[in-house]
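Input: a single structure, listed below in structure tokens.
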Amino acid sequence: MTSRPATMAEKLLSRAAGRPVRAGEVVVCEVDAAMGTDGSVPMALDYLRQISDGPLPAPARREKLFFAMDHYGGLSGERALALQQTARGYARLHGIALFEVGEGIGHQLMIERGHVLPGRLVVAADSHAVSYGALNAFGTGIGSSDFAGVLACGQVWLKVPASLRVELTGQLRAGVSAKDVALTLARRLGADGAGYLALEFGGPGLAHLDMDDRILLANMSVEMGAKAGLFPFDACTRAFLAQRTADDFQPVAADEGAGYSGTLALDLGDVVPQVALPHRVDNVQDLAGTAEVPVDLVYLGTCTGGRAKDYREALDVLRAGGGVAPGVTLVVTPASESIRAELEQQGLLEEFRAFGATVQAPGCGACCGTCGSAPAGGVRVVSTANRNFKGRMGNAQAEIFLASPRSCAQAAVRGTLGAGEAA
Amino acid sequence: MNPGRARVLGDDVNTDYIISSRRKKDSLDPQVLRHYLLEDLAPAFAASVQPGDILVAGRNFGCGSAMEVAVTVVRGAGIQAVVARSFARTYWRNAVNNGLLALTADTHGIAEGARLDIEVDGQGARIRVDGGRIIEAEPLPEFVLAMREAGGLLPYLRAHGRLM
């Protein structure tokens, strides 16, 4: 390494490139792990076919690969199932680790099963690979052609991003969650405010954010255009990994005096419940100041808001409010089978069912309109997901609002979202 | 490059708008998907595309999902280049990998239907609008030019075996 102080992003990519690299350079990196989904792998195999004549080449480093069958399910249609079968066939032939339908969302499984380690470069052919940054890894999304490149040679080309430091102080107030922080950042930065940048989270406020909070913040960094959302390694990371892996790893820390493109300071204690209005993730307002609108569907799930803590917080609100308002459909789709099992064992899923919720199999669910239940035309959805683009959930005539699990549950209780919310 | 007709879009055109996720579960074939290009944003757009058209967009073109059909459908529709004030990073890299020219330039003032002449070389890229003013685009990194020369990432890998 050179003596010039480096950011976390520069250090992580220097390690992956095998030489000191700086923001702005285009470099070739060896990936430590790569995940593809049923939404991206079939197309990657089409690309791989272009590399050589004859049968599909075997992967260069099968032990680093993971295929997740998370975007499609039994009701996604015959053609989606055929695409999935193509991915499954290649995985079986070459001994690639496969997360089956119902096991959960690939990103969640990569994290909870210890495949994402500090100091590593972990890519996935899905934009929410940025989630891995919570664990002090460089996690970033790639397309199917890049994934084919990883299959072929284990490498990926990357432009080393400059970093924007997000300096967190203070502590979240009761009733406010990491989702509200993510929406606050989207509101302040805009949908491209972190374009081609890594967000590097730091500051004393981190001590009050648990791993679920960090995964959520890293996950939504891409909604501001970020290439990665990186967290330093600390006792929280160590404790999380202790239960998941025995492998060695080398965390990275930004150097004192590293150069940032800027600093965004945020006192967590100033954050209040937020809501993103249709059809933009950065169309964010204080929930308390939003005009009241009726709600038809409340969706609790996704790689953003489908972890056990999210459901506990939502349940607290449902219990306090006495249940779901007439006419509101509540859908629960845990991010993984282990989360589903934990909720089941603790009797929480039974509570959701008693409130009339529909509990769907773990996976991407209704998030991007490729499996799970799609909203009907004219339906207004309040969701714990990360995107509210028109048509996102499979129907361009539906409206999607994004909020925290608590705020979503509050909308389910009242049958409305907005004005009249407790401050 | 042949002159092309400008097709002007706004800011933050996300990949779900370029091609809905629900379409790609039925087919990955760009010749099928091209009929649904921008369907949720501009339902009449797909039918109006002519070969050689050039998409001209504002900020953050291709934000959202990393799905690559959002690039292959644009190519499949016969669009030869996308010029935007800025790109979402996965869209830009997918474009590079697929040999779709994605230029970053100040697109203010380019009108729908304007005739665009694009010239790319090692020094950079220039866009001439209606035979008159010239807009300088951001130069493409060397590695990207090498990939473009090869025809995209996979042809590059076929020729070289590895990236480096």
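How things are named: the first chain in the structure tokens is A, the next is B, and so on; residues count from 1 in each chain; ligands count from 1 in the order shown.
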
>> Using only C-alpha atoms and a distance of at most 7 Å, pull out the residues of chain A that contact chain B, as a PyMOL selection string.
In response: chain A and resi 28+40+47+50-52+79-80+126-127+141-145+153+155+192+195-196+223+225+368-370+391-392+394+396

Keeping only C-alpha atoms, take the residues you just selected and write them out as a PDB file, in the first residue's frame.
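Now in part_26.pdb:
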ATOM      1  CA  VAL A  28      -9.730  -5.607 -12.469  1.00  0.00           C
ATOM      2  CA  SER A  40     -30.092 -12.908 -13.528  1.00  0.00           C
ATOM      3  CA  TYR A  47     -23.706 -14.728 -22.198  1.00  0.00           C
ATOM      4  CA  GLN A  50     -20.790 -16.675 -26.280  1.00  0.00           C
ATOM      5  CA  ILE A  51     -17.335 -17.371 -24.851  1.00  0.00           C
ATOM      6  CA  SER A  52     -16.674 -20.706 -26.468  1.00  0.00           C
ATOM      7  CA  ARG A  79     -41.505 -19.678 -18.620  1.00  0.00           C
ATOM      8  CA  ALA A  80     -40.096 -18.294 -15.379  1.00  0.00           C
ATOM      9  CA  ASP A 126     -28.728  -7.975  -8.263  1.00  0.00           C
ATOM     10  CA  SER A 127     -28.597  -4.329  -7.256  1.00  0.00           C
ATOM     11  CA  GLY A 141     -24.455  -5.146  -7.797  1.00  0.00           C
ATOM     12  CA  ILE A 142     -23.486  -6.323 -11.270  1.00  0.00           C
ATOM     13  CA  GLY A 143     -25.431  -7.400 -14.338  1.00  0.00           C
ATOM     14  CA  SER A 144     -25.702 -10.784 -16.009  1.00  0.00           C
ATOM     15  CA  SER A 145     -22.802 -10.192 -18.410  1.00  0.00           C
ATOM     16  CA  CYS A 153     -12.605 -16.146 -14.951  1.00  0.00           C
ATOM     17  CA  GLN A 155     -12.846 -11.461 -12.152  1.00  0.00           C
ATOM     18  CA  ASP A 192     -28.574  10.097  -7.644  1.00  0.00           C
ATOM     19  CA  GLY A 195     -24.021   8.267  -7.933  1.00  0.00           C
ATOM     20  CA  TYR A 196     -20.661   6.519  -8.499  1.00  0.00           C
ATOM     21  CA  GLU A 223     -31.442   4.010  -3.935  1.00  0.00           C
ATOM     22  CA  GLY A 225     -27.093   5.734  -6.611  1.00  0.00           C
ATOM     23  CA  CYS A 368     -40.643  -6.580  -7.928  1.00  0.00           C
ATOM     24  CA  GLY A 369     -43.764  -8.110  -9.397  1.00  0.00           C
ATOM     25  CA  THR A 370     -42.284 -11.458 -10.349  1.00  0.00           C
ATOM     26  CA  GLY A 391     -45.308  -0.750 -11.930  1.00  0.00           C
ATOM     27  CA  ARG A 392     -42.671  -2.081  -9.552  1.00  0.00           C
ATOM     28  CA  GLY A 394     -46.364  -5.731 -11.238  1.00  0.00           C
ATOM     29  CA  ALA A 396     -48.598   0.288 -13.021  1.00  0.00           C
TER      30      ALA A 396
END

> Residues at most 9 Å from A:Ala194, counting only C-alpha atoms, excluding those fewer than 4 positions away in the same chain, as number ranges by chain?
Replying inline: A: 163-164, 189-190, 198-199, 221-227

Mind writing the picked residues with N, CA and C atoms as a PDB file, in the first residue's frame?
ATOM      1  N   SER A 163     -15.573   8.323  -2.059  1.00  0.00           N
ATOM      2  CA  SER A 163     -16.479   8.018  -0.947  1.00  0.00           C
ATOM      3  C   SER A 163     -17.086   9.273  -0.350  1.00  0.00           C
ATOM      4  N   LEU A 164     -18.342   9.146   0.034  1.00  0.00           N
ATOM      5  CA  LEU A 164     -19.029  10.186   0.788  1.00  0.00           C
ATOM      6  C   LEU A 164     -19.160   9.677   2.219  1.00  0.00           C
ATOM      7  N   LEU A 189     -30.165  13.351  -0.074  1.00  0.00           N
ATOM      8  CA  LEU A 189     -29.214  13.165  -1.180  1.00  0.00           C
ATOM      9  C   LEU A 189     -29.887  13.127  -2.545  1.00  0.00           C
ATOM     10  N   GLY A 190     -31.149  12.681  -2.595  1.00  0.00           N
ATOM     11  CA  GLY A 190     -31.806  12.470  -3.877  1.00  0.00           C
ATOM     12  C   GLY A 190     -31.410  11.128  -4.475  1.00  0.00           C
ATOM     13  N   ALA A 198     -19.128   5.565  -2.979  1.00  0.00           N
ATOM     14  CA  ALA A 198     -19.409   4.653  -1.869  1.00  0.00           C
ATOM     15  C   ALA A 198     -19.853   5.518  -0.697  1.00  0.00           C
ATOM     16  N   LEU A 199     -20.915   5.108  -0.025  1.00  0.00           N
ATOM     17  CA  LEU A 199     -21.270   5.758   1.236  1.00  0.00           C
ATOM     18  C   LEU A 199     -20.459   5.053   2.317  1.00  0.00           C
ATOM     19  N   SER A 221     -28.551   2.051   0.196  1.00  0.00           N
ATOM     20  CA  SER A 221     -27.594   3.014  -0.340  1.00  0.00           C
ATOM     21  C   SER A 221     -27.699   3.094  -1.866  1.00  0.00           C
ATOM     22  N   VAL A 222     -28.095   1.984  -2.498  1.00  0.00           N
ATOM     23  CA  VAL A 222     -28.212   1.986  -3.965  1.00  0.00           C
ATOM     24  C   VAL A 222     -29.375   2.881  -4.422  1.00  0.00           C
ATOM     25  N   GLU A 223     -30.322   3.130  -3.545  1.00  0.00           N
ATOM     26  CA  GLU A 223     -31.442   4.010  -3.935  1.00  0.00           C
ATOM     27  C   GLU A 223     -30.992   5.465  -4.054  1.00  0.00           C
ATOM     28  N   MET A 224     -29.790   5.752  -3.562  1.00  0.00           N
ATOM     29  CA  MET A 224     -29.208   7.085  -3.757  1.00  0.00           C
ATOM     30  C   MET A 224     -28.127   7.020  -4.828  1.00  0.00           C
ATOM     31  N   GLY A 225     -28.053   5.890  -5.530  1.00  0.00           N
ATOM     32  CA  GLY A 225     -27.093   5.734  -6.611  1.00  0.00           C
ATOM     33  C   GLY A 225     -25.755   5.179  -6.191  1.00  0.00           C
ATOM     34  N   ALA A 226     -25.578   4.859  -4.898  1.00  0.00           N
ATOM     35  CA  ALA A 226     -24.255   4.449  -4.417  1.00  0.00           C
ATOM     36  C   ALA A 226     -23.827   3.097  -4.997  1.00  0.00           C
ATOM     37  N   LYS A 227     -22.536   2.972  -5.172  1.00  0.00           N
ATOM     38  CA  LYS A 227     -21.952   1.716  -5.643  1.00  0.00           C
ATOM     39  C   LYS A 227     -21.783   0.748  -4.478  1.00  0.00           C
TER      40      LYS A 227
END

So which residues touch A:Val166 within 8 Å, counting only C-alpha atoms, skipping near sequence neighbours fewer than 5 positions away, as a CSV table (one decimal) with N, CA and C atoms, in the first residue's frame?
chain,number,residue,atom,x,y,z
A,199,LEU,N,-20.9,5.1,0.0
A,199,LEU,CA,-21.3,5.8,1.2
A,199,LEU,C,-20.5,5.1,2.3
A,200,GLU,N,-19.7,5.8,3.1
A,200,GLU,CA,-19.0,5.2,4.2
A,200,GLU,C,-19.6,5.7,5.5
A,201,PHE,N,-20.3,4.8,6.2
A,201,PHE,CA,-20.9,5.2,7.5
A,201,PHE,C,-19.9,5.2,8.6
A,202,GLY,N,-20.0,6.2,9.4
A,202,GLY,CA,-19.1,6.3,10.6
A,202,GLY,C,-19.6,7.2,11.6
A,203,GLY,N,-18.9,7.4,12.7
A,203,GLY,CA,-19.3,8.3,13.8
A,203,GLY,C,-19.8,7.5,15.0
A,263,THR,N,-18.9,15.2,3.3
A,263,THR,CA,-19.4,14.6,4.5
A,263,THR,C,-20.8,15.0,4.8
A,264,LEU,N,-21.7,14.0,5.1
A,264,LEU,CA,-23.0,14.3,5.4
A,264,LEU,C,-23.2,14.0,6.9
A,265,ALA,N,-23.5,15.0,7.7
A,265,ALA,CA,-23.7,14.8,9.1
A,265,ALA,C,-25.1,14.5,9.5
A,266,LEU,N,-25.4,13.5,10.3
A,266,LEU,CA,-26.8,13.2,10.6
A,266,LEU,C,-26.8,12.8,12.1

>> Which residue is closest to B:Gly4? Choose from B:Asp106, B:Glu138, B:Asp121, B:Asp130 and count only C-alpha atoms.
In response: B:Asp130

>> Quick check for you: according to DSSP on this backbone, which residues of chain B are classed as strand (DSSP E or B)? Reply as a PyMOL selection string.
In response: chain B and resi 4-8+14+54-57+61+63+81-84+87+101-104+115-121+124-129+134-137

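Here the question is which of A:Gly262, A:Ala9, A:Thr245, A:Met43 gets nearest to B:Thr72 using only C-alpha atoms, and that residue is A:Met43.
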
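Interatomic distance, atom CA of A:Ala34 against atom CA of A:Lys11: 19.4 Å.
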
>> Which residues are close to B:Gly113, i.e. within 10 Å by only C-alpha atoms, leaving aside same-chain residues fewer than 2 positions away? Reply as a PyMOL selection string.
In response: chain B and resi 4-8+53-54+110-111+115-116+130

> Near B:His108, counting only C-alpha atoms, which residues have an atom at most 12 Å away, once you skip same-chain residues fewer than 4 positions from it, shown as a VMD selection string?
Replying inline: chain B and resid 8 to 11 56 to 59 83 to 86 104 112 129 135

>> At a cut-off of 8 Å, using only C-alpha atoms, what residues contact B:Ala46? Leave out same-chain residues fewer than 4 positions from it and give the result as a list in words.
In response: Arg34, His35, Tyr36, Leu37, Leu38, Glu39 and Ala77 of chain B

If you keep N, CA, C and O atoms, can you produce a file of those selected residues as a short mmCIF file (atom, residue, chain, number, x, y, z; two decimals), in the first residue's frame?
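That gives us again18.cif:
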data_model
loop_
_atom_site.label_atom_id
_atom_site.label_comp_id
_atom_site.auth_asym_id
_atom_site.auth_seq_id
_atom_site.Cartn_x
_atom_site.Cartn_y
_atom_site.Cartn_z
N ARG B 34 -38.70 -5.85 -26.89
CA ARG B 34 -38.69 -4.51 -27.48
C ARG B 34 -40.10 -3.92 -27.62
O ARG B 34 -40.26 -2.71 -27.61
N HIS B 35 -41.09 -4.79 -27.72
CA HIS B 35 -42.47 -4.30 -27.85
C HIS B 35 -42.98 -3.67 -26.56
O HIS B 35 -44.02 -3.02 -26.56
N TYR B 36 -42.25 -3.90 -25.44
CA TYR B 36 -42.68 -3.37 -24.14
C TYR B 36 -41.74 -2.28 -23.62
O TYR B 36 -41.83 -1.87 -22.47
N LEU B 37 -40.83 -1.82 -24.47
CA LEU B 37 -39.87 -0.78 -24.09
C LEU B 37 -40.61 0.45 -23.56
O LEU B 37 -41.48 1.00 -24.25
N LEU B 38 -40.31 0.85 -22.34
CA LEU B 38 -40.88 2.05 -21.70
C LEU B 38 -42.40 2.03 -21.59
O LEU B 38 -43.04 3.08 -21.52
N GLU B 39 -43.00 0.84 -21.52
CA GLU B 39 -44.46 0.75 -21.60
C GLU B 39 -45.19 1.46 -20.45
O GLU B 39 -46.25 2.03 -20.66
N ALA B 77 -34.09 -2.99 -29.81
CA ALA B 77 -35.03 -2.10 -30.50
C ALA B 77 -34.35 -1.34 -31.64
O ALA B 77 -35.01 -0.62 -32.38
#
